[in-house]
Amino acid sequence: MINLDEFVSFIEDNFDLVSGVPCSYFKEFLSYIPSQEDKSPIKHLSATREDEAIAIAIGAALSKKRALVYMQNSGLGNIGDALTSLVQLYKLPILILVSYRGLKEDNDFPEHSIMGKINNSFLGSLNLLYWDLNEKDWEVSMQKAITVMDEQSSPVVLMVKKGVLSQ
Amino acid sequence: MKGYEVISSLQDHIGENDLIVSSNGNISREVYHYLAKPQVYLRGSMGLPIGVGLGLAVMNPEKRVTVITGDGNLLMGFGSVITAAYYKPHNLKILILDNSQYFTTGGQQTVSSAINFSKFLESLNIDYFQSLKASQSILDDNLENFLTTQGLNILHLIIEEGKRELANIPWHPIKIAENFLQRFD
């Protein structure tokens, strides 16, 4: 697992707002993200749906603030219109952390099996730039994501496998 | 009273400190034509204007953010009303223009009339709410309070169907975003 003190402090240094829908793969990470009530340089808003989280992030992006969204890959199914008719149409930058469910660790969770298989082709069909967030070189991946989203004014997805942001 | 008449009545209330998010279809077109530019004119994004307004409001506490949405759009992203009510940004105002129709797509009926808006909005424990049938005197009596009461405010107005023929928004969404972003230079 990534050192969460370092990871969250990186997020606080580089982002203004965080929003999303939880996944157990983010359990420890989310326990480190401050809630709205805490005195923190970032705002954290829990969303009812993944597309709502995207919308909240876009509200930040529209005022030159940097936003991070987190969701399970099941949520990719909920954000097609938010991506194509909002984020990509208006050409705005956001970073999306997506937990990679449906790999072999999830054999007992058939609800993730189909999205798990099509995960990459799904991201590809949405023309999304994506790569993995790994324990070892997480800072390089995050820094690259920030550079790409800022320079191209586009969304970037980082796939998060089991054990990277949770036990 | 029709939706575009309500929107044009906002003219006198909207200043440089106001950020508006308008929902796709006729409402965005009317906001573009009747109110000070540039604002966030959503084109697609059905169900998302309240989320966008919430993000803007939380990030810009010194500005006033007003979301103008129709009933069909509201219903598609209904959870966002609850999210907004939970975080209660002091500077977020939500104006719901309810004609019980998907008017932009040809007047198909929505299910909004199943909601008792007065009871629903009361249950949110927000700072200001009203559910009223739109008329000039209703606007005269309520718009100022709706916009200036400190807190999360929601005004639900029953409107008559009807629109003016307005030209499409000439800006591509990329241009809409660029123009709006310049307000933060």
# chains A, B, ... in the order shown; residues from 1 in each chain; ligands from 1
>>> residues_around(residues="Val65 (chain B)", least_positions_apart="5", cutoff="9 Å", atoms="only C-alpha atoms", output="list in words")
Asn17, Asp18, Leu19, Ile20, Val21, Gly53, Leu54, Leu56, Ala57, Asn60, Asn91, Leu92, Lys93 and Ile94 of chain B
>>> write_last_selection(atoms="C-alpha atoms", output="short mmCIF file (atom, residue, chain, number, x, y, z; two decimals), in the first residue's frame")
data_model
loop_
_atom_site.label_atom_id
_atom_site.label_comp_id
_atom_site.auth_asym_id
_atom_site.auth_seq_id
_atom_site.Cartn_x
_atom_site.Cartn_y
_atom_site.Cartn_z
CA ASN B 17 -20.56 38.66 -8.50
CA ASP B 18 -23.08 36.17 -9.90
CA LEU B 19 -22.18 32.86 -11.48
CA ILE B 20 -25.07 31.09 -13.24
CA VAL B 21 -25.28 27.46 -14.29
CA GLY B 53 -23.21 24.62 -9.26
CA LEU B 54 -22.25 22.89 -6.02
CA LEU B 56 -18.53 26.20 -8.19
CA ALA B 57 -20.15 27.39 -4.96
CA ASN B 60 -15.88 30.30 -4.74
CA ASN B 91 -23.83 30.94 -1.61
CA LEU B 92 -25.81 28.38 -3.66
CA LYS B 93 -29.26 29.21 -5.00
CA ILE B 94 -31.32 26.68 -7.00
#
>>> residues_around(residues="region 142-157 of chain A", least_positions_apart="4", cutoff="9 Å", atoms="only C-alpha atoms", output="list of chain:residue names")
A:Phe10, A:Asn14, A:Leu83, A:Val87, A:Gln88, A:Lys91, A:Leu92, A:Pro93, A:Ile94, A:Leu95, A:Ile96, A:Leu97, A:Val98, A:Leu123, A:Leu128, A:Leu129, A:Tyr130, A:Trp131, A:Asp132, A:Leu133, A:Asp137, A:Trp138
>>> interface_residues(of="chain A", to="chain B", cutoff="7 Å", atoms="only C-alpha atoms", output="ChimeraX atom specification")
/A:47-48,52,55-60,62-64,81-82,85-86,89-91
>>> residues_around(residues="Gly3 (chain B)", least_positions_apart="3", cutoff="10 Å", atoms="only C-alpha atoms", output="list in words")
Val6, Ile7, Ser8, Ser9, Asn26, Ile27, Glu30, Gly70, Ile96, Leu97, Asp98, Asn99, Ala134, Leu157, Ile158, Ile159, Glu160, Glu161, Gly162, Lys163 and Arg164 of chain B
>>> closest_residue(among="B:Leu74, B:Met1, B:Thr104, B:Glu144", to="Ser28 (chain B)", atoms="only C-alpha atoms")
B:Thr104
>>> select_by_dssp(residues="region 43-167 of chain A", states="strand (DSSP E or B)", output="MDAnalysis selection string")
chainID A and resid 43:46 67:72 95:99 129:133 156:160
>>> select_by_dssp(residues="region 6-139 of chain A", states="alpha helix (DSSP H)", output="MDAnalysis selection string")
chainID A and resid 6:14 27:32 50:61 80:82 113:125 138:139
